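Undergrad: Shown below is the structure under consideration.
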Amino acid sequence: MDLNQALEQIGKAPTLEHLQALKVQYLGKNGQITQALKSLGQLPPEARRERGQELNTWKKALEEALQTREKELRQEALKAQLERETLDVSLPGYAFPAGGLHLTSLILGELVNLFRRLGFSVVEGPEVESEFFNFDALNMPEWHPARDMQDTFWVDLKPPFTLQGPLGETVNDLGGAVLRTHTSGMQIRYMIQHTPPFRIVVPGRVFRYEQTDASHEAMFYQLEGLVVGPNITMADLKGAIHELARGLFGKEGKARFQPTYFPFVEPGAQFAMWWPERGKWLELGGAGMVHPYLFRAVDDYRARQGLPRVYEGMTGWAFGMGVERLAILRYGIPDIRYFYQNRLSFLRQFR
Amino acid sequence: MKIVYSWLQEFLPEAPAPQRLEELLAGLGLETESIQTLPAPHPQVVFARVLAIEPLPGRQVRKLILDIGQEVAVVSGAPNARAGIGVALALPGAVLPDGSKLEERRIAGVASWGMALSPKELALGEYAGGLIELPPEALPPGTPLAEVWGPETVLEVEITPNRPDWLSVYGVARDLAATGLTLVSPNAKPQTRSLPLPFGAWIEDPQACDRFTLSYARGLRVGPSPLWVQRRLFAAGMRPISNVVDATNYTMLELGNPMHAFDARYIREGLVVRRAQPGERLRTLDGQERVLSPEDLLIAVKEGSQSRPAGLAGIMGGADDEIREDTTAIALEVAHFDPVRIRQSAKRHGLKTEASYRFERGVDPDGQHRAADRCLALLQDWAGSGVEVATERIDLNHTQPPQAIPFRPTYTSRLMGMDYPEAEQLGILQRLGCAVAPGPQSGVYLVTPPRHRVDLAIEEDLVEEVARIVGYDQIPTTLPSFFPHPDNLEVEAPYQALERLKQVMAGLGFQEVINYAWSSPEECALLRAPAPTIYMQNPQTPERTALRTALYPGLLRNLQTALAQGEEGPFLLFEVGHVFQAQETPHLAALLSGEAIPGRWQPGLAGGFFALKGLLEAAAAHLGSTLWVEAEATPHLHPGVSGAVYWNQRKVGYIGALHPAIRQALELPPVFLWEVSLPLPSGAKGFRDVARYPAAMRDLAVVVPEKIPYLEVERLIREKAGPYLEQLLVFDVYQGPPLPSGHKSLAFHLRFRHPERTLTDLEVDGFIQQVVDGLEQKGYSIRR
């Protein structure tokens, strides 16, 4: 055999398959070199050694050539594969739908998380509410002028619908029923259910019988807060709202309190937060110390249900704030009606 | 309520400038909505006296001959123009509030030298139905009105319902004075003389009317009020009527006691305060004929044993007894009524007046004499020189003295979280008009609030007074720190589950929407949702007469809107919200319409039932829950593509294709829906060791009649395969040759694994044989 010819064949082998064939031809079990090596024994010892050395040199050379060529071919193959597999990565991908939460949920999430940091628990209440929990127990009896502050949707309460009280009892007979005008009814429900001290916030939708326009909706969300314990003070209320302001508006955030009136708190306050970006105060909600009337109403209710009176001597504070207003101010949304029209091109802007 | 700044200054000479005043009021709890300036009239607007009126034949308008230092003629259509009254005349060159400039013009053939003005054209109010009427001798004719009507600052404030004592200029001044400003008291007294009272007064219902005073004055000349009074009333938002009526209104605005002047001619024996009888009628001052009921409290004119309604007490007087041009003697009623009575009556008649507004919140039950004195003194000023006021006044008084409130200054400090010195607290209460006396033990005081503070009833009310006057800005900020009582510890779980669920849905590609809670029986019927159980008593629109019984109607509306507005699909929407059937329950609903994963320029993943179901399965997997669906029809879904959803073994709702009939009615493309009630039952969590020994794989194809649901076959295999079946996956569903018609083949991968050792082939073959036997017993065949 001609080594040089063999080496040339190897060096020019066009594919791995050809190369494999050549390897078999020369170095395989029945390959030329293998055969020649096997037949060495038939040679005289001297010739044998010489021939042996030559064959081994050839074998080595062939092996090296095969290896080199294999590497080359593999590289070429890889290169070809890479070229073959090349994509226009600038084309768009599959349009996996990107979901998202409603803007109101996002804002509520932000708010409740700020309160969770302060040790508050988040609970919810019903939207159809008994007149008792929405008004009477909150120190707003029938014919109280404060009822005028909230234009109310009244609903017919009749079988088969059952309105459940805080302890699972039916409360269809506690006066009329309304779409709750505020989340404050949950103050009563929660207090009836639980023993102080506690800290809760209550997000939820509320309803007002109002003509809708850019700044009024018949349905919107509130966040209610309630803290009750043996020594809860108005300073605590200011502290929590102040901390909320810092959470929402950063280190320059702060809160301002002014006296106002809600029947279910005394002393009562409204609060505003400083918006550093715009350099102005934003009126965000109402607050105050829980009116003792509420504690009495709750204890009376508990007593009627066979529970101990646990609110005598307690103090507490509550606050309530609008949720949409915060988003409206922050994002410059011109019309509150955008929220519940659910236009996707609006909702998809907030994720 | 509007507060005229110059009026406030009369009682509070040290009142700070309006901007600072706004801050001060806010600190007291009185919010200012706006501060506006009522500008002086244009210099070319002058006082004029009407000398004569000449009709212009064939015209509606008339020619007025006016004295403005010289005689001029103008044309006017005002019905109230008459000789002898004073008017405001805009001369050529004057600019009116609407910006127009007056020029000399010929109207109806007359050279009109300007324009006689209505209150609206003077920017004083909305009234444009006639000329402003001024006293004829008010000013030398031709004097620019700007000389007496300078600019006025007016604060519009919002009065909270608990503070009726703020519903007057003096009331606001009195509260401001508690911060340390000097207060001028209003104690005007009329000149009185002894006159026999020509009438009496009786209260039939002392519950509803606990105070009734009636004063007598005669010798009045009814006419327009002085210039400054008219301007002030306009600035405060009231329209001047005549000096007598204006005096009552002026006093109410100033002192807060509504009052009513009756023409004494019609009063006969006197006035009775009584409930109305059913069906009694009264024509009120606004010209409305009102049918009365026993809810209404009346002022009635006594006529023998009968009495005739003359006014709705505390709300509005009757038209028959009103003050007229020829009235010369009046009975002036200043009373106090039960707020609830007034409120019910006013609400029943849909009447809200300045008087009812005050009475239903609570008027000072002790301010009647001061207010009557003030009003009568004004009348002596404004209604001619011959006004005689009777010294005697009827005063029927059933009011109860105010209760003292036990007050502990230490409680203020405890409730507010800061130390207020005791002396400072008592001083503040005294400045607010409270009487402070030592209480039964040390540290407790008996505080009697002034009569005008109807809101002060409990100790906390007094705490607020102290904190308010010191200023809420002085209260420190702390954080409430305590360990909650143990029964509050797990209350958050439901809300956390809800948040998690919403996050998962959003993560799977669904956009959350929030729809209104309303629906209507019509919509429920059209969309085959359960009929409403809760109806609105006062629905806002016909589409909102009831509360929703399911969420999917809202999602379908959203889809309709999105399609109509050309929003970009595909549409994957979800909502979490309350629905109202036999109870109020939270639901989760989701909608899929369009491809599940559009490929854009390459084939995408089609939507359809199995796309939505796959997403539901993914949601369950995210939440560590098991899920299956069993065919079950429900009205709003396609009967062949709908099933009950079982979440952790419990039926929670439905999934399927929207019923084609609904789809066609709404003109929608294919829509797939699922709706489940919340909370979803949670799955068990626990540790199972990760696999250490190899698994054994087997494949199995079963031929079953096509009506047999997959789930039935899956359950049978699981049951027979024994405890080491780790996973069962269907990888092919086939129908067609060579299978017999009406049959389908379901092909499964089965994976077996033992936790503690390697299963032998023999063992696994045994498991498979059990499965095969089970299937064959059922009559199914194995496809080999």
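Starting from 1 in every chain, residues are counted up; chains themselves are A, B, ... following the order of the structure tokens, and ligands are numbered from 1 as listed.
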Per DSSP on the backbone, what are the helix (DSSP H, G or I) residues of range 30-92 of chain A, as a ChimeraX atom specification?

TA: /A:32-42,45-84

Undergrad: Please produce a file of the residues just selected, as a PDB file, in the first residue's frame, where the atoms kept are C-alpha atoms.

TA:
```pdb
ATOM      1  CA  GLN A  32      -4.632  -3.455   5.475  1.00  0.00           C
ATOM      2  CA  ILE A  33      -2.378  -2.370   8.323  1.00  0.00           C
ATOM      3  CA  THR A  34      -3.992  -4.791  10.754  1.00  0.00           C
ATOM      4  CA  GLN A  35      -3.592  -7.615   8.278  1.00  0.00           C
ATOM      5  CA  ALA A  36       0.011  -6.628   7.598  1.00  0.00           C
ATOM      6  CA  LEU A  37       0.742  -6.554  11.304  1.00  0.00           C
ATOM      7  CA  LYS A  38      -0.838  -9.970  11.740  1.00  0.00           C
ATOM      8  CA  SER A  39       1.343 -11.385   8.980  1.00  0.00           C
ATOM      9  CA  LEU A  40       4.518 -10.068  10.599  1.00  0.00           C
ATOM     10  CA  GLY A  41       5.064 -13.422  12.278  1.00  0.00           C
ATOM     11  CA  GLN A  42       5.729 -15.000   8.926  1.00  0.00           C
ATOM     12  CA  PRO A  45      13.008 -11.850  12.858  1.00  0.00           C
ATOM     13  CA  GLU A  46      15.104  -9.091  11.455  1.00  0.00           C
ATOM     14  CA  ALA A  47      12.797  -8.176   8.690  1.00  0.00           C
ATOM     15  CA  ARG A  48      10.027  -8.583  11.130  1.00  0.00           C
ATOM     16  CA  ARG A  49      11.366  -5.893  13.389  1.00  0.00           C
ATOM     17  CA  GLU A  50      12.037  -3.515  10.586  1.00  0.00           C
ATOM     18  CA  ARG A  51       8.703  -4.106   8.993  1.00  0.00           C
ATOM     19  CA  GLY A  52       7.064  -3.908  12.340  1.00  0.00           C
ATOM     20  CA  GLN A  53       8.512  -0.523  13.041  1.00  0.00           C
ATOM     21  CA  GLU A  54       7.488   0.705   9.619  1.00  0.00           C
ATOM     22  CA  LEU A  55       3.968  -0.560  10.010  1.00  0.00           C
ATOM     23  CA  ASN A  56       3.652   1.019  13.442  1.00  0.00           C
ATOM     24  CA  THR A  57       4.869   4.317  12.100  1.00  0.00           C
ATOM     25  CA  TRP A  58       2.337   4.044   9.322  1.00  0.00           C
ATOM     26  CA  LYS A  59      -0.371   3.094  11.721  1.00  0.00           C
ATOM     27  CA  LYS A  60       0.414   6.079  13.889  1.00  0.00           C
ATOM     28  CA  ALA A  61       0.472   8.387  10.912  1.00  0.00           C
ATOM     29  CA  LEU A  62      -2.841   7.030   9.702  1.00  0.00           C
ATOM     30  CA  GLU A  63      -4.386   7.336  13.138  1.00  0.00           C
ATOM     31  CA  GLU A  64      -3.252  10.900  13.428  1.00  0.00           C
ATOM     32  CA  ALA A  65      -4.510  11.715   9.972  1.00  0.00           C
ATOM     33  CA  LEU A  66      -7.850  10.078  10.746  1.00  0.00           C
ATOM     34  CA  GLN A  67      -8.132  12.004  13.967  1.00  0.00           C
ATOM     35  CA  THR A  68      -7.247  15.286  12.361  1.00  0.00           C
ATOM     36  CA  ARG A  69      -9.627  14.732   9.523  1.00  0.00           C
ATOM     37  CA  GLU A  70     -12.368  13.673  11.905  1.00  0.00           C
ATOM     38  CA  LYS A  71     -11.927  16.821  13.901  1.00  0.00           C
ATOM     39  CA  GLU A  72     -12.028  18.879  10.727  1.00  0.00           C
ATOM     40  CA  LEU A  73     -15.106  17.111   9.506  1.00  0.00           C
ATOM     41  CA  ARG A  74     -16.836  17.464  12.841  1.00  0.00           C
ATOM     42  CA  GLN A  75     -16.103  21.109  12.888  1.00  0.00           C
ATOM     43  CA  GLU A  76     -17.399  21.509   9.360  1.00  0.00           C
ATOM     44  CA  ALA A  77     -20.491  19.545  10.291  1.00  0.00           C
ATOM     45  CA  LEU A  78     -21.042  21.715  13.369  1.00  0.00           C
ATOM     46  CA  LYS A  79     -20.563  24.794  11.283  1.00  0.00           C
ATOM     47  CA  ALA A  80     -23.056  23.531   8.757  1.00  0.00           C
ATOM     48  CA  GLN A  81     -25.470  22.651  11.524  1.00  0.00           C
ATOM     49  CA  LEU A  82     -25.154  26.073  13.061  1.00  0.00           C
ATOM     50  CA  GLU A  83     -25.778  27.671   9.741  1.00  0.00           C
ATOM     51  CA  ARG A  84     -28.688  25.423   9.039  1.00  0.00           C
TER      52      ARG A  84
END
```

Undergrad: List the spatial neighbours of Pro740 in chain B as a PyMOL selection string - criterion: any atom at most 12 Å away, only C-alpha atoms, same-chain residues fewer than 2 positions off excluded.

TA: chain B and resi 703-706+734-738+742-745+781+783

Undergrad: For range 170-180 of chain A, work out the shell of residues within 6 Å, counting only C-alpha atoms and skipping chain neighbours fewer than 5 positions away, then give it as a compact mmCIF listing (two decimals) with N, CA, C and O atoms, in the first residue's frame.

TA:
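Saved the output as around_29.txt:
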```txt
# COMPACT_ATOMS: atom_id res chain seq x y z
N GLU A 127 -71.25 42.51 50.64
CA GLU A 127 -71.63 43.73 49.92
C GLU A 127 -73.10 44.09 50.17
O GLU A 127 -73.45 45.26 50.22
N VAL A 128 -73.94 43.05 50.30
CA VAL A 128 -75.32 43.34 50.72
C VAL A 128 -75.29 43.32 52.24
O VAL A 128 -74.85 42.34 52.85
N GLU A 129 -75.70 44.42 52.82
CA GLU A 129 -75.52 44.56 54.25
C GLU A 129 -76.84 44.96 54.90
O GLU A 129 -77.66 45.65 54.30
N SER A 130 -76.99 44.49 56.12
CA SER A 130 -78.18 44.87 56.87
C SER A 130 -78.06 46.34 57.27
O SER A 130 -76.98 46.85 57.54
N GLU A 131 -79.21 46.99 57.28
CA GLU A 131 -79.27 48.38 57.72
C GLU A 131 -78.61 48.52 59.10
O GLU A 131 -77.97 49.52 59.41
N PHE A 132 -78.75 47.48 59.90
CA PHE A 132 -78.19 47.53 61.25
C PHE A 132 -76.67 47.69 61.22
O PHE A 132 -76.12 48.55 61.90
N PHE A 153 -78.30 52.76 48.06
CA PHE A 153 -79.08 51.79 47.29
C PHE A 153 -79.75 50.86 48.29
O PHE A 153 -79.07 50.14 49.01
N TRP A 154 -81.07 50.86 48.31
CA TRP A 154 -81.80 49.93 49.17
C TRP A 154 -82.18 48.71 48.35
O TRP A 154 -82.49 48.84 47.16
N VAL A 155 -82.16 47.55 48.98
CA VAL A 155 -82.54 46.34 48.26
C VAL A 155 -83.67 45.63 49.01
O VAL A 155 -83.84 45.82 50.21
N LEU A 163 -79.36 36.75 54.55
CA LEU A 163 -78.26 37.62 54.89
C LEU A 163 -77.66 37.09 56.19
O LEU A 163 -78.37 36.97 57.19
N GLN A 164 -76.38 36.79 56.14
CA GLN A 164 -75.75 36.18 57.31
C GLN A 164 -75.11 37.21 58.20
O GLN A 164 -74.48 38.15 57.72
N GLY A 165 -75.26 37.03 59.48
CA GLY A 165 -74.62 37.89 60.46
C GLY A 165 -73.19 37.42 60.70
O GLY A 165 -72.74 36.43 60.12
N VAL A 206 -67.94 49.30 47.59
CA VAL A 206 -69.05 50.00 48.23
C VAL A 206 -69.86 50.69 47.15
O VAL A 206 -69.40 50.84 46.02
N PHE A 207 -71.07 51.11 47.53
CA PHE A 207 -72.01 51.59 46.53
C PHE A 207 -72.65 52.90 47.00
O PHE A 207 -73.01 53.02 48.17
```

Undergrad: Excluding Pro43 in chain B and its own-chain neighbours fewer than 6 positions away, which residues fall within 10 Å of it when counting only C-alpha atoms? Please give them as a PDB file with all heavy atoms, in the first residue's frame.

TA:
```pdb
ATOM      1  N   ALA B  90     -76.934 100.384  33.821  1.00  0.00           N
ATOM      2  CA  ALA B  90     -75.615 100.309  33.191  1.00  0.00           C
ATOM      3  C   ALA B  90     -75.601 101.309  32.046  1.00  0.00           C
ATOM      4  O   ALA B  90     -76.428 101.237  31.135  1.00  0.00           O
ATOM      5  CB  ALA B  90     -75.361  98.899  32.674  1.00  0.00           C
ATOM      6  N   LEU B  91     -74.692 102.257  32.136  1.00  0.00           N
ATOM      7  CA  LEU B  91     -74.611 103.295  31.116  1.00  0.00           C
ATOM      8  C   LEU B  91     -73.804 102.787  29.926  1.00  0.00           C
ATOM      9  O   LEU B  91     -73.045 101.813  30.049  1.00  0.00           O
ATOM     10  CB  LEU B  91     -73.923 104.538  31.706  1.00  0.00           C
ATOM     11  CG  LEU B  91     -74.661 105.191  32.881  1.00  0.00           C
ATOM     12  CD1 LEU B  91     -73.791 106.287  33.491  1.00  0.00           C
ATOM     13  CD2 LEU B  91     -75.989 105.767  32.399  1.00  0.00           C
ATOM     14  N   GLY B  93     -70.921 102.031  27.682  1.00  0.00           N
ATOM     15  CA  GLY B  93     -69.518 101.917  28.117  1.00  0.00           C
ATOM     16  C   GLY B  93     -69.339 100.911  29.231  1.00  0.00           C
ATOM     17  O   GLY B  93     -68.236 100.429  29.469  1.00  0.00           O
ATOM     18  N   ALA B  94     -70.458 100.594  29.944  1.00  0.00           N
ATOM     19  CA  ALA B  94     -70.342  99.624  31.040  1.00  0.00           C
ATOM     20  C   ALA B  94     -70.098  98.223  30.467  1.00  0.00           C
ATOM     21  O   ALA B  94     -70.569  97.893  29.386  1.00  0.00           O
ATOM     22  CB  ALA B  94     -71.619  99.624  31.870  1.00  0.00           C
ATOM     23  N   VAL B  95     -69.312  97.439  31.230  1.00  0.00           N
ATOM     24  CA  VAL B  95     -69.059  96.059  30.832  1.00  0.00           C
ATOM     25  C   VAL B  95     -69.826  95.149  31.789  1.00  0.00           C
ATOM     26  O   VAL B  95     -69.721  95.294  33.005  1.00  0.00           O
ATOM     27  CB  VAL B  95     -67.549  95.750  30.877  1.00  0.00           C
ATOM     28  CG1 VAL B  95     -67.289  94.288  30.475  1.00  0.00           C
ATOM     29  CG2 VAL B  95     -66.797  96.705  29.954  1.00  0.00           C
ATOM     30  N   THR B 143     -75.271 108.148  41.149  1.00  0.00           N
ATOM     31  CA  THR B 143     -74.084 107.720  41.895  1.00  0.00           C
ATOM     32  C   THR B 143     -73.653 106.330  41.413  1.00  0.00           C
ATOM     33  O   THR B 143     -74.488 105.423  41.334  1.00  0.00           O
ATOM     34  CB  THR B 143     -74.393 107.618  43.402  1.00  0.00           C
ATOM     35  OG1 THR B 143     -75.022 108.820  43.821  1.00  0.00           O
ATOM     36  CG2 THR B 143     -73.135 107.344  44.213  1.00  0.00           C
ATOM     37  N   PRO B 144     -72.371 106.132  41.091  1.00  0.00           N
ATOM     38  CA  PRO B 144     -71.921 104.777  40.723  1.00  0.00           C
ATOM     39  C   PRO B 144     -72.138 103.825  41.896  1.00  0.00           C
ATOM     40  O   PRO B 144     -71.792 104.144  43.030  1.00  0.00           O
ATOM     41  CB  PRO B 144     -70.433 104.948  40.430  1.00  0.00           C
ATOM     42  CG  PRO B 144     -70.261 106.403  40.137  1.00  0.00           C
ATOM     43  CD  PRO B 144     -71.301 107.129  40.967  1.00  0.00           C
ATOM     44  N   LEU B 145     -72.725 102.669  41.634  1.00  0.00           N
ATOM     45  CA  LEU B 145     -72.990 101.700  42.706  1.00  0.00           C
ATOM     46  C   LEU B 145     -71.697 101.166  43.299  1.00  0.00           C
ATOM     47  O   LEU B 145     -71.656 100.708  44.449  1.00  0.00           O
ATOM     48  CB  LEU B 145     -73.851 100.546  42.171  1.00  0.00           C
ATOM     49  CG  LEU B 145     -75.333 100.890  42.042  1.00  0.00           C
ATOM     50  CD1 LEU B 145     -76.062  99.831  41.232  1.00  0.00           C
ATOM     51  CD2 LEU B 145     -75.966 101.044  43.419  1.00  0.00           C
ATOM     52  N   ALA B 146     -70.610 101.218  42.522  1.00  0.00           N
ATOM     53  CA  ALA B 146     -69.324 100.736  43.022  1.00  0.00           C
ATOM     54  C   ALA B 146     -68.909 101.497  44.283  1.00  0.00           C
ATOM     55  O   ALA B 146     -68.132 100.991  45.093  1.00  0.00           O
ATOM     56  CB  ALA B 146     -68.265 100.852  41.936  1.00  0.00           C
ATOM     57  N   GLU B 147     -69.440 102.723  44.472  1.00  0.00           N
ATOM     58  CA  GLU B 147     -69.063 103.499  45.654  1.00  0.00           C
ATOM     59  C   GLU B 147     -69.577 102.852  46.935  1.00  0.00           C
ATOM     60  O   GLU B 147     -68.988 103.023  48.004  1.00  0.00           O
ATOM     61  CB  GLU B 147     -69.595 104.928  45.542  1.00  0.00           C
ATOM     62  CG  GLU B 147     -68.801 105.748  44.540  1.00  0.00           C
ATOM     63  CD  GLU B 147     -69.267 107.208  44.474  1.00  0.00           C
ATOM     64  OE1 GLU B 147     -70.007 107.648  45.390  1.00  0.00           O
ATOM     65  OE2 GLU B 147     -68.884 107.872  43.492  1.00  0.00           O
TER      66      GLU B 147
END
```

Undergrad: List as a PyMOL selection string the protein and nucleic acid residues near Ala108 in chain B, meaning an atom at most 9 Å away when only C-alpha atoms are counted, but skip any in the same chain fewer than 5 places from it.

TA: chain B and resi 56+59+61+75

Undergrad: Would you list the contacts of Gln60 in chain B as a list of chain:residue names, taking every protein, DNA or RNA residue within 12 Å and counting only C-alpha atoms, but skipping same-chain residues closer than 6 positions in sequence?

TA: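 Everything that qualifies: B:Glu54, B:Val75, B:Ser76, B:Gly77, B:Ala78, B:Pro79, B:Ile107, B:Ala108.
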
Undergrad: Can you work out the spacing between CA of Asn162 in chain B and CA of Glu360 in chain B in Å, to one decimal?

TA: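 Separation between CA of Asn162 in chain B and CA of Glu360 in chain B: 10.6 Å.
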
Undergrad: Report the residues of range 154-212 of chain A whose backbone DSSP state falls under strand (DSSP E or B), written as a ChimeraX atom specification.

TA: /A:154-156,164,170,177-179,198-207

Undergrad: How would the residues just chosen look if you wrote them out with N, CA, C and O atoms as a CSV table (one decimal), in the first residue's frame?

TA:
```csv
chain,number,residue,atom,x,y,z
A,154,TRP,N,-81.1,50.9,48.3
A,154,TRP,CA,-81.8,49.9,49.2
A,154,TRP,C,-82.2,48.7,48.3
A,154,TRP,O,-82.5,48.8,47.2
A,155,VAL,N,-82.2,47.5,49.0
A,155,VAL,CA,-82.5,46.3,48.3
A,155,VAL,C,-83.7,45.6,49.0
A,155,VAL,O,-83.8,45.8,50.2
A,156,ASP,N,-84.4,44.8,48.2
A,156,ASP,CA,-85.5,44.0,48.8
A,156,ASP,C,-84.9,42.8,49.4
A,156,ASP,O,-84.2,42.0,48.6
A,164,GLN,N,-76.4,36.8,56.1
A,164,GLN,CA,-75.7,36.2,57.3
A,164,GLN,C,-75.1,37.2,58.2
A,164,GLN,O,-74.5,38.2,57.7
A,170,THR,N,-78.8,34.3,60.8
A,170,THR,CA,-79.6,35.0,59.8
A,170,THR,C,-79.9,36.4,60.4
A,170,THR,O,-80.4,36.5,61.5
A,177,ALA,N,-82.2,46.3,54.1
A,177,ALA,CA,-80.9,45.9,53.6
A,177,ALA,C,-80.5,46.9,52.5
A,177,ALA,O,-81.3,47.5,51.8
A,178,VAL,N,-79.2,47.1,52.4
A,178,VAL,CA,-78.6,48.0,51.5
A,178,VAL,C,-77.4,47.4,50.8
A,178,VAL,O,-76.9,46.4,51.2
A,179,LEU,N,-77.0,48.0,49.7
A,179,LEU,CA,-75.7,47.8,49.2
A,179,LEU,C,-74.8,48.6,50.1
A,179,LEU,O,-75.0,49.8,50.1
A,198,PHE,N,-56.7,43.7,68.4
A,198,PHE,CA,-56.4,43.3,67.1
A,198,PHE,C,-56.2,44.5,66.2
A,198,PHE,O,-56.5,45.6,66.6
A,199,ARG,N,-55.7,44.2,65.0
A,199,ARG,CA,-55.5,45.2,64.0
A,199,ARG,C,-55.9,44.6,62.6
A,199,ARG,O,-55.4,43.5,62.2
A,200,ILE,N,-56.9,45.2,62.0
A,200,ILE,CA,-57.4,44.6,60.7
A,200,ILE,C,-57.5,45.8,59.7
A,200,ILE,O,-57.7,46.9,60.0
A,201,VAL,N,-57.4,45.4,58.4
A,201,VAL,CA,-57.8,46.2,57.3
A,201,VAL,C,-58.8,45.5,56.5
A,201,VAL,O,-58.7,44.2,56.4
A,202,VAL,N,-59.8,46.2,55.9
A,202,VAL,CA,-60.9,45.6,55.2
A,202,VAL,C,-61.0,46.2,53.8
A,202,VAL,O,-61.4,47.4,53.7
A,203,PRO,N,-60.5,45.6,52.8
A,203,PRO,CA,-60.8,46.2,51.4
A,203,PRO,C,-62.1,45.7,51.0
A,203,PRO,O,-62.6,44.6,51.4
A,204,GLY,N,-62.8,46.5,50.1
A,204,GLY,CA,-64.1,46.1,49.6
A,204,GLY,C,-64.8,47.1,48.7
A,204,GLY,O,-64.4,48.3,48.8
A,205,ARG,N,-65.7,46.5,48.0
A,205,ARG,CA,-66.5,47.5,47.1
A,205,ARG,C,-67.6,48.1,47.9
A,205,ARG,O,-68.3,47.4,48.7
A,206,VAL,N,-67.9,49.3,47.6
A,206,VAL,CA,-69.0,50.0,48.2
A,206,VAL,C,-69.9,50.7,47.1
A,206,VAL,O,-69.4,50.8,46.0
A,207,PHE,N,-71.1,51.1,47.5
A,207,PHE,CA,-72.0,51.6,46.5
A,207,PHE,C,-72.7,52.9,47.0
A,207,PHE,O,-73.0,53.0,48.2
```

Undergrad: Considering only C-alpha atoms, state which residue in the set A:Ala318, A:Val290, A:Leu347, A:Ala235 is at the smallest distance from chain B.

TA: A:Ala235

Undergrad: By how many Å are CA of Tyr420 in chain B and CA of Phe115 in chain A apart?

TA: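 That distance, rounded to one decimal, is 29.7 Å.
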
Undergrad: Can you pull out the residues contacting His216 in chain A? Cut-off 9 Å, using only C-alpha atoms, and skip same-chain residues under 3 positions away; I want them as a PyMOL selection string.

TA: chain A and resi 210-213+219-220+335-337

Undergrad: Work out how far apart CA of Glu254 in chain B and CA of Val169 in chain B are and give it in Å to one decimal.

TA: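 So the answer is 4.8 Å.
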
Undergrad: Would you please work out which residue, of A:Pro141, A:Pro92, A:Gly11, A:Gly253, is nearest to chain B when using only C-alpha atoms?

TA: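 Checking each of A:Pro141, A:Pro92, A:Gly11, A:Gly253 against chain B, counting only C-alpha atoms, the winner is A:Pro92.
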
Undergrad: Name the closest residue to chain B among the candidates A:Phe350, A:Trp275, A:Trp317, A:Trp143; distances are taken between atoms, counting only C-alpha atoms.

TA: A:Trp143

Undergrad: Rank A:Tyr311, A:Phe257, A:Tyr301, A:Tyr331 by their smallest atom-to-atom distance to chain B, using only C-alpha atoms, and report the top residue only.

TA: A:Phe257

Undergrad: Go through B:Leu592, B:Leu426, B:Ala217, B:Ala73 one by one, measure the shortest atom-to-atom distance of each to chain A using only C-alpha atoms, and give the residue with the smallest value.

TA: B:Leu592

Undergrad: Pick out the closest residue to chain B from this set: A:Ser184, A:Ser121, A:Gln349, A:Ser215. Count only C-alpha atoms.

TA: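 Result for the nearest residue to chain B: A:Ser121.
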